[in-house]
>>> print(open('target.pdb').read())   # PDB, C-alpha atoms and all ligand atoms
ATOM      1  CA  MET A 502      -3.018   2.087   1.940  1.00  0.00           C
ATOM      2  CA  GLN A 503      -5.579   4.806   1.468  1.00  0.00           C
ATOM      3  CA  GLN A 504      -3.990   7.324  -0.818  1.00  0.00           C
ATOM      4  CA  LEU A 505      -2.186   5.072  -3.208  1.00  0.00           C
ATOM      5  CA  ARG A 506      -3.622   2.228  -5.099  1.00  0.00           C
ATOM      6  CA  ALA A 507      -3.022   0.507  -8.344  1.00  0.00           C
ATOM      7  CA  LEU A 508      -6.052   1.240 -10.455  1.00  0.00           C
ATOM      8  CA  PHE A 509      -5.732  -1.420 -13.013  1.00  0.00           C
ATOM      9  CA  GLU A 510      -3.239  -4.092 -13.719  1.00  0.00           C
ATOM     10  CA  HIS A 511      -4.555  -5.973 -16.660  1.00  0.00           C
ATOM     11  CA  ALA A 512      -4.618  -3.882 -19.780  1.00  0.00           C
ATOM     12  CA  ALA A 513      -3.309  -6.084 -22.563  1.00  0.00           C
ATOM     13  CA  VAL A 514      -0.693  -4.352 -24.680  1.00  0.00           C
ATOM     14  CA  GLU A 515       0.438  -5.882 -27.905  1.00  0.00           C
ATOM     15  CA  GLY A 516       4.148  -6.045 -28.546  1.00  0.00           C
ATOM     16  CA  SER A 517       5.390  -5.442 -25.008  1.00  0.00           C
ATOM     17  CA  ARG A 518       7.474  -8.111 -23.280  1.00  0.00           C
ATOM     18  CA  ARG A 519       4.799  -8.455 -20.638  1.00  0.00           C
ATOM     19  CA  LYS A 520       1.203  -9.190 -21.384  1.00  0.00           C
ATOM     20  CA  THR A 521      -0.001  -6.573 -18.918  1.00  0.00           C
ATOM     21  CA  TRP A 522       0.642  -2.947 -18.136  1.00  0.00           C
ATOM     22  CA  ARG A 523       0.072  -1.257 -14.851  1.00  0.00           C
ATOM     23  CA  ILE A 524      -0.303   2.310 -13.715  1.00  0.00           C
ATOM     24  CA  THR A 525      -0.020   3.543 -10.145  1.00  0.00           C
ATOM     25  CA  VAL A 526      -1.799   6.806  -9.353  1.00  0.00           C
ATOM     26  CA  LYS A 527      -1.425   8.955  -6.285  1.00  0.00           C
ATOM     27  CA  ARG A 528      -4.526  10.955  -5.524  1.00  0.00           C
ATOM     28  CA  GLU A 529      -3.503  14.622  -5.607  1.00  0.00           C
ATOM     29  CA  ARG A 530      -5.283  16.316  -2.738  1.00  0.00           C
ATOM     30  CA  SER A 531      -5.607  20.038  -2.380  1.00  0.00           C
ATOM     31  CA  ALA A 532      -2.455  21.133  -0.565  1.00  0.00           C
ATOM     32  CA  ASP A 533      -3.903  24.028   1.398  1.00  0.00           C
ATOM     33  CA  GLY A 534      -7.660  23.559   1.126  1.00  0.00           C
ATOM     34  CA  ARG A 535      -7.879  26.416  -1.387  1.00  0.00           C
ATOM     35  CA  ALA A 536      -6.219  24.881  -4.453  1.00  0.00           C
ATOM     36  CA  PRO A 537      -8.426  22.414  -6.332  1.00  0.00           C
ATOM     37  CA  GLU A 538      -7.894  18.679  -5.974  1.00  0.00           C
ATOM     38  CA  GLY A 539      -5.953  16.990  -8.756  1.00  0.00           C
ATOM     39  CA  GLU A 540      -8.387  16.653 -11.616  1.00  0.00           C
ATOM     40  CA  VAL A 541      -7.463  13.359 -13.255  1.00  0.00           C
ATOM     41  CA  SER A 542      -6.095  11.446 -10.269  1.00  0.00           C
ATOM     42  CA  SER A 543      -9.177  12.337  -8.188  1.00  0.00           C
ATOM     43  CA  TRP A 544     -11.459  11.226 -10.993  1.00  0.00           C
ATOM     44  CA  LEU A 545      -9.617   7.915 -11.347  1.00  0.00           C
ATOM     45  CA  HIS A 546      -9.749   7.219  -7.611  1.00  0.00           C
ATOM     46  CA  ALA A 547     -13.400   8.119  -7.362  1.00  0.00           C
ATOM     47  CA  HIS A 548     -14.757   6.556 -10.546  1.00  0.00           C
ATOM     48  CA  ALA A 549     -12.424   4.055 -12.247  1.00  0.00           C
ATOM     49  CA  ARG A 550     -13.455   0.473 -11.617  1.00  0.00           C
ATOM     50  CA  PRO A 551     -12.284  -2.975 -12.736  1.00  0.00           C
ATOM     51  CA  GLY A 552     -13.429  -3.546 -16.292  1.00  0.00           C
ATOM     52  CA  ASP A 553     -13.216   0.119 -17.312  1.00  0.00           C
ATOM     53  CA  ILE A 554     -11.180   0.894 -20.390  1.00  0.00           C
ATOM     54  CA  VAL A 555      -8.579   3.608 -19.861  1.00  0.00           C
ATOM     55  CA  LYS A 556      -6.517   5.083 -22.659  1.00  0.00           C
ATOM     56  CA  VAL A 557      -2.882   5.428 -21.574  1.00  0.00           C
ATOM     57  CA  SER A 558       0.245   6.731 -23.317  1.00  0.00           C
ATOM     58  CA  LEU A 559       3.492   4.878 -23.636  1.00  0.00           C
ATOM     59  CA  PRO A 560       5.762   5.409 -20.623  1.00  0.00           C
ATOM     60  CA  PHE A 561       7.999   8.478 -20.866  1.00  0.00           C
ATOM     61  CA  GLY A 562      10.333  10.523 -18.713  1.00  0.00           C
ATOM     62  CA  ASP A 563      13.955  11.459 -18.080  1.00  0.00           C
ATOM     63  CA  LEU A 564      15.021   8.521 -15.917  1.00  0.00           C
ATOM     64  CA  ALA A 565      16.428   6.159 -18.519  1.00  0.00           C
ATOM     65  CA  VAL A 566      19.212   4.076 -17.008  1.00  0.00           C
ATOM     66  CA  PRO A 567      22.262   3.683 -19.246  1.00  0.00           C
ATOM     67  CA  GLU A 568      23.219   0.139 -20.151  1.00  0.00           C
ATOM     68  CA  GLY A 569      26.533  -1.070 -18.737  1.00  0.00           C
ATOM     69  CA  ASP A 570      27.741  -2.079 -15.323  1.00  0.00           C
ATOM     70  CA  SER A 571      28.288   1.266 -13.583  1.00  0.00           C
ATOM     71  CA  PRO A 572      26.856   1.518 -10.049  1.00  0.00           C
ATOM     72  CA  LEU A 573      23.458   3.125  -9.620  1.00  0.00           C
ATOM     73  CA  LEU A 574      21.818   5.126  -6.888  1.00  0.00           C
ATOM     74  CA  LEU A 575      18.027   5.189  -7.082  1.00  0.00           C
ATOM     75  CA  ALA A 576      16.537   7.708  -4.651  1.00  0.00           C
ATOM     76  CA  SER A 577      12.781   8.195  -4.425  1.00  0.00           C
ATOM     77  CA  ALA A 578      10.155   9.522  -2.088  1.00  0.00           C
ATOM     78  CA  GLY A 579       6.411   8.901  -2.111  1.00  0.00           C
ATOM     79  CA  ILE A 580       4.933   8.205  -5.516  1.00  0.00           C
ATOM     80  CA  GLY A 581       8.406   8.880  -6.978  1.00  0.00           C
ATOM     81  CA  ILE A 582       8.909   5.162  -6.481  1.00  0.00           C
ATOM     82  CA  THR A 583       7.173   4.344  -9.767  1.00  0.00           C
ATOM     83  CA  PRO A 584      10.112   4.878 -12.164  1.00  0.00           C
ATOM     84  CA  MET A 585      12.451   3.129  -9.699  1.00  0.00           C
ATOM     85  CA  LEU A 586      10.297   0.005  -9.760  1.00  0.00           C
ATOM     86  CA  SER A 587      10.494  -0.069 -13.538  1.00  0.00           C
ATOM     87  CA  ILE A 588      14.267   0.336 -13.448  1.00  0.00           C
ATOM     88  CA  LEU A 589      14.650  -2.408 -10.826  1.00  0.00           C
ATOM     89  CA  ASP A 590      12.279  -4.677 -12.704  1.00  0.00           C
ATOM     90  CA  HIS A 591      14.345  -4.225 -15.858  1.00  0.00           C
ATOM     91  CA  LEU A 592      17.600  -4.945 -14.001  1.00  0.00           C
ATOM     92  CA  ALA A 593      16.169  -8.005 -12.234  1.00  0.00           C
ATOM     93  CA  ASP A 594      14.832  -9.320 -15.494  1.00  0.00           C
ATOM     94  CA  ALA A 595      18.279  -8.967 -17.069  1.00  0.00           C
ATOM     95  CA  SER A 596      19.873 -10.736 -14.038  1.00  0.00           C
ATOM     96  CA  SER A 597      22.015  -7.651 -13.626  1.00  0.00           C
ATOM     97  CA  GLY A 598      25.075  -7.799 -11.389  1.00  0.00           C
ATOM     98  CA  ARG A 599      25.221  -4.002 -11.067  1.00  0.00           C
ATOM     99  CA  ARG A 600      25.691  -2.456  -7.682  1.00  0.00           C
ATOM    100  CA  VAL A 601      22.443  -0.637  -6.900  1.00  0.00           C
ATOM    101  CA  THR A 602      21.870   1.542  -3.856  1.00  0.00           C
ATOM    102  CA  VAL A 603      18.122   1.921  -3.371  1.00  0.00           C
ATOM    103  CA  VAL A 604      16.956   4.832  -1.223  1.00  0.00           C
ATOM    104  CA  HIS A 605      13.275   5.403  -0.526  1.00  0.00           C
ATOM    105  CA  ALA A 606      11.582   7.821   1.861  1.00  0.00           C
ATOM    106  CA  ASP A 607       7.935   7.802   2.885  1.00  0.00           C
ATOM    107  CA  ARG A 608       5.680   8.856   5.706  1.00  0.00           C
ATOM    108  CA  SER A 609       5.215   5.309   6.988  1.00  0.00           C
ATOM    109  CA  PRO A 610       5.294   1.713   5.724  1.00  0.00           C
ATOM    110  CA  ALA A 611       1.531   1.993   5.119  1.00  0.00           C
ATOM    111  CA  HIS A 612       2.071   4.965   2.803  1.00  0.00           C
ATOM    112  CA  HIS A 613       4.858   3.202   0.914  1.00  0.00           C
ATOM    113  CA  ALA A 614       3.368   2.122  -2.417  1.00  0.00           C
ATOM    114  CA  HIS A 615       4.555  -1.253  -3.709  1.00  0.00           C
ATOM    115  CA  ARG A 616       6.655  -1.834  -0.596  1.00  0.00           C
ATOM    116  CA  LEU A 617       6.637  -5.625  -0.898  1.00  0.00           C
ATOM    117  CA  GLU A 618       7.368  -5.452  -4.593  1.00  0.00           C
ATOM    118  CA  LEU A 619      10.382  -3.277  -3.865  1.00  0.00           C
ATOM    119  CA  ASP A 620      11.616  -5.880  -1.359  1.00  0.00           C
ATOM    120  CA  ASP A 621      11.133  -8.602  -3.924  1.00  0.00           C
ATOM    121  CA  LEU A 622      12.965  -6.769  -6.707  1.00  0.00           C
ATOM    122  CA  VAL A 623      15.871  -5.841  -4.453  1.00  0.00           C
ATOM    123  CA  GLY A 624      16.039  -9.482  -3.324  1.00  0.00           C
ATOM    124  CA  ARG A 625      16.407 -10.574  -6.941  1.00  0.00           C
ATOM    125  CA  LEU A 626      19.466  -8.358  -7.466  1.00  0.00           C
ATOM    126  CA  PRO A 627      22.602  -9.773  -5.824  1.00  0.00           C
ATOM    127  CA  HIS A 628      24.273  -6.369  -5.391  1.00  0.00           C
ATOM    128  CA  ALA A 629      21.307  -4.175  -4.510  1.00  0.00           C
ATOM    129  CA  THR A 630      21.012  -2.629  -1.054  1.00  0.00           C
ATOM    130  CA  PRO A 631      17.847  -0.948   0.198  1.00  0.00           C
ATOM    131  CA  HIS A 632      17.832   1.994   2.612  1.00  0.00           C
ATOM    132  CA  LEU A 633      14.405   3.099   3.809  1.00  0.00           C
ATOM    133  CA  TRP A 634      13.449   6.186   5.763  1.00  0.00           C
ATOM    134  CA  TYR A 635      10.010   6.530   7.331  1.00  0.00           C
ATOM    135  CA  GLU A 636       8.839   9.526   9.296  1.00  0.00           C
ATOM    136  CA  SER A 637       6.743   7.074  11.335  1.00  0.00           C
ATOM    137  CA  PRO A 638       8.299   3.611  11.078  1.00  0.00           C
ATOM    138  CA  GLN A 639       6.671   0.460  12.377  1.00  0.00           C
ATOM    139  CA  GLU A 640       7.939  -0.621  15.774  1.00  0.00           C
ATOM    140  CA  PRO A 641      10.277  -2.376  16.237  1.00  0.00           C
ATOM    141  CA  VAL A 642      12.246  -0.609  13.509  1.00  0.00           C
ATOM    142  CA  GLN A 643      13.401  -3.172  10.941  1.00  0.00           C
ATOM    143  CA  PRO A 644      17.000  -3.486   9.676  1.00  0.00           C
ATOM    144  CA  ARG A 645      17.838  -0.982   6.942  1.00  0.00           C
ATOM    145  CA  VAL A 646      14.918   1.213   8.050  1.00  0.00           C
ATOM    146  CA  ARG A 647      15.638   4.579   9.631  1.00  0.00           C
ATOM    147  CA  ARG A 648      13.377   7.086  11.279  1.00  0.00           C
ATOM    148  CA  GLY A 649      12.990  10.536   9.780  1.00  0.00           C
ATOM    149  CA  ARG A 650      13.776  12.006   6.394  1.00  0.00           C
ATOM    150  CA  ALA A 651      16.193  10.517   3.893  1.00  0.00           C
ATOM    151  CA  ASP A 652      19.816  11.384   4.554  1.00  0.00           C
ATOM    152  CA  VAL A 653      22.138  10.053   1.872  1.00  0.00           C
ATOM    153  CA  THR A 654      25.160  11.491   3.675  1.00  0.00           C
ATOM    154  CA  ARG A 655      24.836   8.465   5.981  1.00  0.00           C
ATOM    155  CA  LEU A 656      25.500   6.072   3.091  1.00  0.00           C
ATOM    156  CA  THR A 657      28.788   5.028   1.596  1.00  0.00           C
ATOM    157  CA  LEU A 658      28.226   5.551  -2.079  1.00  0.00           C
ATOM    158  CA  PRO A 659      30.117   3.588  -4.708  1.00  0.00           C
ATOM    159  CA  GLU A 660      32.584   5.517  -6.832  1.00  0.00           C
ATOM    160  CA  HIS A 661      31.391   6.617 -10.274  1.00  0.00           C
ATOM    161  CA  ALA A 662      27.749   6.091  -9.366  1.00  0.00           C
ATOM    162  CA  SER A 663      24.987   7.490 -11.521  1.00  0.00           C
ATOM    163  CA  ALA A 664      22.093   8.832  -9.466  1.00  0.00           C
ATOM    164  CA  PHE A 665      18.405   8.911 -10.389  1.00  0.00           C
ATOM    165  CA  LEU A 666      16.024  10.956  -8.266  1.00  0.00           C
ATOM    166  CA  CYS A 667      12.246  11.183  -8.190  1.00  0.00           C
ATOM    167  CA  GLY A 668      10.068  12.677  -5.501  1.00  0.00           C
ATOM    168  CA  PRO A 669       8.801  15.974  -4.151  1.00  0.00           C
ATOM    169  CA  PRO A 670      10.952  19.006  -5.043  1.00  0.00           C
ATOM    170  CA  ALA A 671      12.243  19.498  -1.472  1.00  0.00           C
ATOM    171  CA  PHE A 672      13.367  15.857  -1.330  1.00  0.00           C
ATOM    172  CA  MET A 673      15.170  16.062  -4.655  1.00  0.00           C
ATOM    173  CA  GLN A 674      16.809  19.373  -3.855  1.00  0.00           C
ATOM    174  CA  GLY A 675      18.056  17.978  -0.542  1.00  0.00           C
ATOM    175  CA  VAL A 676      19.345  14.707  -1.987  1.00  0.00           C
ATOM    176  CA  ARG A 677      20.920  16.397  -4.979  1.00  0.00           C
ATOM    177  CA  GLY A 678      22.731  18.893  -2.741  1.00  0.00           C
ATOM    178  CA  ASP A 679      24.027  16.075  -0.535  1.00  0.00           C
ATOM    179  CA  LEU A 680      25.199  14.063  -3.541  1.00  0.00           C
ATOM    180  CA  LEU A 681      27.070  17.069  -4.943  1.00  0.00           C
ATOM    181  CA  THR A 682      28.726  17.504  -1.547  1.00  0.00           C
ATOM    182  CA  GLN A 683      29.708  13.841  -1.658  1.00  0.00           C
ATOM    183  CA  GLY A 684      31.499  14.400  -4.940  1.00  0.00           C
ATOM    184  CA  LEU A 685      28.987  13.385  -7.589  1.00  0.00           C
ATOM    185  CA  SER A 686      29.051  15.541 -10.654  1.00  0.00           C
ATOM    186  CA  PRO A 687      25.816  17.286 -11.758  1.00  0.00           C
ATOM    187  CA  LYS A 688      25.892  15.345 -15.017  1.00  0.00           C
ATOM    188  CA  ASP A 689      25.687  12.082 -13.062  1.00  0.00           C
ATOM    189  CA  ILE A 690      22.511  13.123 -11.246  1.00  0.00           C
ATOM    190  CA  ARG A 691      19.294  12.784 -13.211  1.00  0.00           C
ATOM    191  CA  TYR A 692      15.886  13.571 -11.902  1.00  0.00           C
ATOM    192  CA  GLU A 693      12.231  13.462 -12.808  1.00  0.00           C
ATOM    193  CA  VAL A 694       9.883  16.152 -11.569  1.00  0.00           C
ATOM    194  CA  PHE A 695       6.320  14.878 -11.279  1.00  0.00           C
ATOM    195  CA  GLY A 696       4.976  18.276 -12.293  1.00  0.00           C
ATOM    196  CA  PRO A 697       6.321  21.587 -13.645  1.00  0.00           C
ATOM    197  CA  ASP A 698      10.117  21.543 -13.785  1.00  0.00           C
ATOM    198  CA  LEU A 699      10.813  24.652 -11.701  1.00  0.00           C
ATOM    199  CA  TRP A 700      12.484  23.120  -8.692  1.00  0.00           C
ATOM    200  CA  LEU A 701      16.112  23.847  -9.528  1.00  0.00           C
ATOM    201  CA  SER A 702      15.317  27.554  -9.551  1.00  0.00           C
ATOM    202  CA  GLU A 703      13.464  27.476  -6.225  1.00  0.00           C
TER     203      GLU A 703
HETATM  204  C1  LIG B 801       7.178  11.690 -16.417  1.00  0.00           C
HETATM  205  C2  LIG B 801       6.177  11.713 -15.297  1.00  0.00           C
HETATM  206  C3  LIG B 801       5.754  10.521 -14.742  1.00  0.00           C
HETATM  207  C4  LIG B 801       4.786  10.515 -13.693  1.00  0.00           C
HETATM  208  N1  LIG B 801       4.398   9.313 -13.159  1.00  0.00           N
HETATM  209  C5  LIG B 801       3.484   9.285 -12.186  1.00  0.00           C
HETATM  210  C6  LIG B 801       3.035   8.026 -11.638  1.00  0.00           C
HETATM  211  O1  LIG B 801       3.475   6.953 -12.027  1.00  0.00           O
HETATM  212  N2  LIG B 801       2.078   8.062 -10.659  1.00  0.00           N
HETATM  213  C7  LIG B 801       1.568   9.246 -10.180  1.00  0.00           C
HETATM  214  O2  LIG B 801       0.705   9.199  -9.297  1.00  0.00           O
HETATM  215  N3  LIG B 801       1.991  10.445 -10.665  1.00  0.00           N
HETATM  216  C8  LIG B 801       2.928  10.482 -11.662  1.00  0.00           C
HETATM  217  N4  LIG B 801       3.334  11.698 -12.168  1.00  0.00           N
HETATM  218  C9  LIG B 801       2.779  12.924 -11.568  1.00  0.00           C
HETATM  219  C10 LIG B 801       1.410  13.252 -12.154  1.00  0.00           C
HETATM  220  O3  LIG B 801       1.553  13.433 -13.548  1.00  0.00           O
HETATM  221  C11 LIG B 801       0.909  14.538 -11.467  1.00  0.00           C
HETATM  222  O4  LIG B 801       0.672  14.262 -10.103  1.00  0.00           O
HETATM  223  C12 LIG B 801      -0.377  15.046 -12.143  1.00  0.00           C
HETATM  224  O5  LIG B 801      -0.375  16.455 -12.192  1.00  0.00           O
HETATM  225  C13 LIG B 801      -1.634  14.633 -11.433  1.00  0.00           C
HETATM  226  O6  LIG B 801      -2.745  15.027 -12.285  1.00  0.00           O
HETATM  227  P1  LIG B 801      -4.098  15.543 -11.741  1.00  0.00           P
HETATM  228  O7  LIG B 801      -4.926  15.861 -12.934  1.00  0.00           O
HETATM  229  O8  LIG B 801      -4.661  14.604 -10.717  1.00  0.00           O
HETATM  230  O9  LIG B 801      -3.711  16.847 -10.963  1.00  0.00           O
HETATM  231  P2  LIG B 801      -3.746  18.361 -11.491  1.00  0.00           P
HETATM  232  O10 LIG B 801      -5.152  18.778 -11.734  1.00  0.00           O
HETATM  233  O11 LIG B 801      -2.757  18.491 -12.604  1.00  0.00           O
HETATM  234  O12 LIG B 801      -3.206  19.089 -10.175  1.00  0.00           O
HETATM  235  C14 LIG B 801      -1.873  18.852  -9.705  1.00  0.00           C
HETATM  236  C15 LIG B 801      -1.660  19.692  -8.437  1.00  0.00           C
HETATM  237  O13 LIG B 801      -1.780  21.095  -8.766  1.00  0.00           O
HETATM  238  C16 LIG B 801      -2.736  21.712  -7.913  1.00  0.00           C
HETATM  239  N5  LIG B 801      -3.522  22.667  -8.723  1.00  0.00           N
HETATM  240  C17 LIG B 801      -4.269  22.390  -9.821  1.00  0.00           C
HETATM  241  N6  LIG B 801      -4.864  23.522 -10.283  1.00  0.00           N
HETATM  242  C18 LIG B 801      -4.474  24.534  -9.455  1.00  0.00           C
HETATM  243  C19 LIG B 801      -4.748  25.938  -9.396  1.00  0.00           C
HETATM  244  N7  LIG B 801      -5.540  26.536 -10.278  1.00  0.00           N
HETATM  245  N8  LIG B 801      -4.161  26.653  -8.402  1.00  0.00           N
HETATM  246  C20 LIG B 801      -3.362  26.072  -7.495  1.00  0.00           C
HETATM  247  N9  LIG B 801      -3.048  24.737  -7.492  1.00  0.00           N
HETATM  248  C21 LIG B 801      -3.617  23.991  -8.459  1.00  0.00           C
HETATM  249  C22 LIG B 801      -3.631  20.594  -7.406  1.00  0.00           C
HETATM  250  O14 LIG B 801      -4.170  20.937  -6.126  1.00  0.00           O
HETATM  251  C23 LIG B 801      -2.668  19.411  -7.332  1.00  0.00           C
HETATM  252  O15 LIG B 801      -1.974  19.397  -6.089  1.00  0.00           O
HETATM  253  C24 LIG B 801       4.265  11.725 -13.205  1.00  0.00           C
HETATM  254  C25 LIG B 801       4.711  12.944 -13.775  1.00  0.00           C
HETATM  255  C26 LIG B 801       5.645  12.941 -14.815  1.00  0.00           C
HETATM  256  C27 LIG B 801       6.085  14.255 -15.396  1.00  0.00           C
END
>>> encode(input="target.pdb", output="structure tokens")
Amino acid sequence: MQQLRALFEHAAVEGSRRKTWRITVKRERSADGRAPEGEVSSWLHAHARPGDIVKVSLPFGDLAVPEGDSPLLLASAGIGITPMLSILDHLADASSGRRVTVVHADRSPAHHAHRLELDDLVGRLPHATPHLWYESPQEPVQPRVRRGRADVTRLTLPEHASAFLCGPPAFMQGVRGDLLTQGLSPKDIRYEVFGPDLWLSE
């Protein structure tokens, strides 16, 4: 995996349930060759090394899963997987019996960050079902893997599901539109934009 790598996994944090914290950083390349490369992610990929001390904030964002037993749909693409892993980790740790539909889209299995960890977390949840879309899947195509871009209209969604989306704007706009068509209410669809929050107006 060239573009995505965990930069450090062993920063001790007092008071957290775990003894370690982890960050996962996608290197932001220049999209069109004219815009600059991502400043901080490029620096981390180029210079951060084991043993370095990195100051990090507490986690934050809009994808907080409500407690309870309502069904969940977690839909991510690319580096948008990071909040989904935290949610799944929390559910697995709580031995949750919630129905969880896990959707992830990526260019290929090699681009899919934390792919094996996702498998493991889903395997620890008795009512979680993964659905993966790769633009270039490995041959032969594995069960629950589809070729192309994510298409949630092909899934049977549980009633009263709450949806959580994270990924590039075009992915989230597409998934959100499909979920609205399938009857989800806007208030049941939460999303996290990994950048300026302008996508709804695009
Ligand atoms: C709540 C939240 C959680 C997140 N979690 C993660 C995570 O776990 N992992 C992860 O990898 N990312 C995560 N992100 C996304 C991450 O914060 C962004 O990718 C971040 O902007 C990268 O920082 P950077 O300094 O490398 O890039 P920046 O320097 O901020 O650049 C970002 C993009 O803007 C373009 N750009 C910069 N300056 C210009 C300019 N002058 N003109 C045109 N284009 C320009 C760059 O080419 C690049 O594509 C998260 C975002 C949020 C809001």
>>> closest_atom_pairs(input="target.pdb", of="chain A", to="ligand LIG 801 (chain B)", cutoff="6 Å", atoms="only C-alpha atoms and all ligand atoms", output="tab-separated table")
residue	atom	partner	partner_atom	distance
A:Thr525	CA	B:LIG801	N2	5.0
A:Val526	CA	B:LIG801	O2	3.5
A:Lys527	CA	B:LIG801	O2	3.7
A:Glu529	CA	B:LIG801	O15	5.0
A:Arg530	CA	B:LIG801	O15	5.6
A:Ser531	CA	B:LIG801	O14	4.1
A:Ala532	CA	B:LIG801	O15	5.8
A:Ala536	CA	B:LIG801	C20	4.3
A:Pro537	CA	B:LIG801	O14	4.5
A:Glu538	CA	B:LIG801	O14	4.4
A:Gly539	CA	B:LIG801	O9	3.1
A:Glu540	CA	B:LIG801	O7	3.8
A:Val541	CA	B:LIG801	O7	3.6
A:Ser542	CA	B:LIG801	O8	3.5
A:Ser543	CA	B:LIG801	O8	5.7
A:Phe561	CA	B:LIG801	C1	5.5
A:Gly562	CA	B:LIG801	C1	4.1
A:Ile580	CA	B:LIG801	O2	5.8
A:Thr583	CA	B:LIG801	O1	5.1
A:Val694	CA	B:LIG801	C27	5.7
A:Phe695	CA	B:LIG801	C25	3.5
A:Gly696	CA	B:LIG801	C27	5.2
>>> residues_around(input="target.pdb", residues="Arg677 of chain A", least_positions_apart="5", cutoff="10 Å", atoms="all atoms listed in the file", output="list in words")
Ala576, Val653, Ala664, Phe665, Leu666, Ala671, Phe672, Thr682, Gln683, Leu685, Ser686, Pro687, Ile690, Arg691, Tyr692 and Leu701 of chain A
>>> atom_distance(input="target.pdb", atom1="atom CA of Glu636 of chain A", atom2="atom CA of Leu592 of chain A")
28.8 Å
>>> closest_residue(input="target.pdb", among="A:Leu617, A:Ala662, A:Val642, A:Cys667", to="Ser571 of chain A", atoms="only C-alpha atoms")
A:Ala662
>>> residues_around(input="target.pdb", residues="His613 of chain A", least_positions_apart="2", cutoff="9 Å", atoms="only C-alpha atoms", output="ChimeraX atom specification")
/A:502,505,578-580,582,605-611,615-616,635
>>> write_last_selection(input="target.pdb", atoms="C-alpha atoms", output="PDB file, keeping the file's coordinate frame")
ATOM      1  CA  MET A 502      -3.018   2.087   1.940  1.00  0.00           C
ATOM      2  CA  LEU A 505      -2.186   5.072  -3.208  1.00  0.00           C
ATOM      3  CA  ALA A 578      10.155   9.522  -2.088  1.00  0.00           C
ATOM      4  CA  GLY A 579       6.411   8.901  -2.111  1.00  0.00           C
ATOM      5  CA  ILE A 580       4.933   8.205  -5.516  1.00  0.00           C
ATOM      6  CA  ILE A 582       8.909   5.162  -6.481  1.00  0.00           C
ATOM      7  CA  HIS A 605      13.275   5.403  -0.526  1.00  0.00           C
ATOM      8  CA  ALA A 606      11.582   7.821   1.861  1.00  0.00           C
ATOM      9  CA  ASP A 607       7.935   7.802   2.885  1.00  0.00           C
ATOM     10  CA  ARG A 608       5.680   8.856   5.706  1.00  0.00           C
ATOM     11  CA  SER A 609       5.215   5.309   6.988  1.00  0.00           C
ATOM     12  CA  PRO A 610       5.294   1.713   5.724  1.00  0.00           C
ATOM     13  CA  ALA A 611       1.531   1.993   5.119  1.00  0.00           C
ATOM     14  CA  HIS A 615       4.555  -1.253  -3.709  1.00  0.00           C
ATOM     15  CA  ARG A 616       6.655  -1.834  -0.596  1.00  0.00           C
ATOM     16  CA  TYR A 635      10.010   6.530   7.331  1.00  0.00           C
TER      17      TYR A 635
END
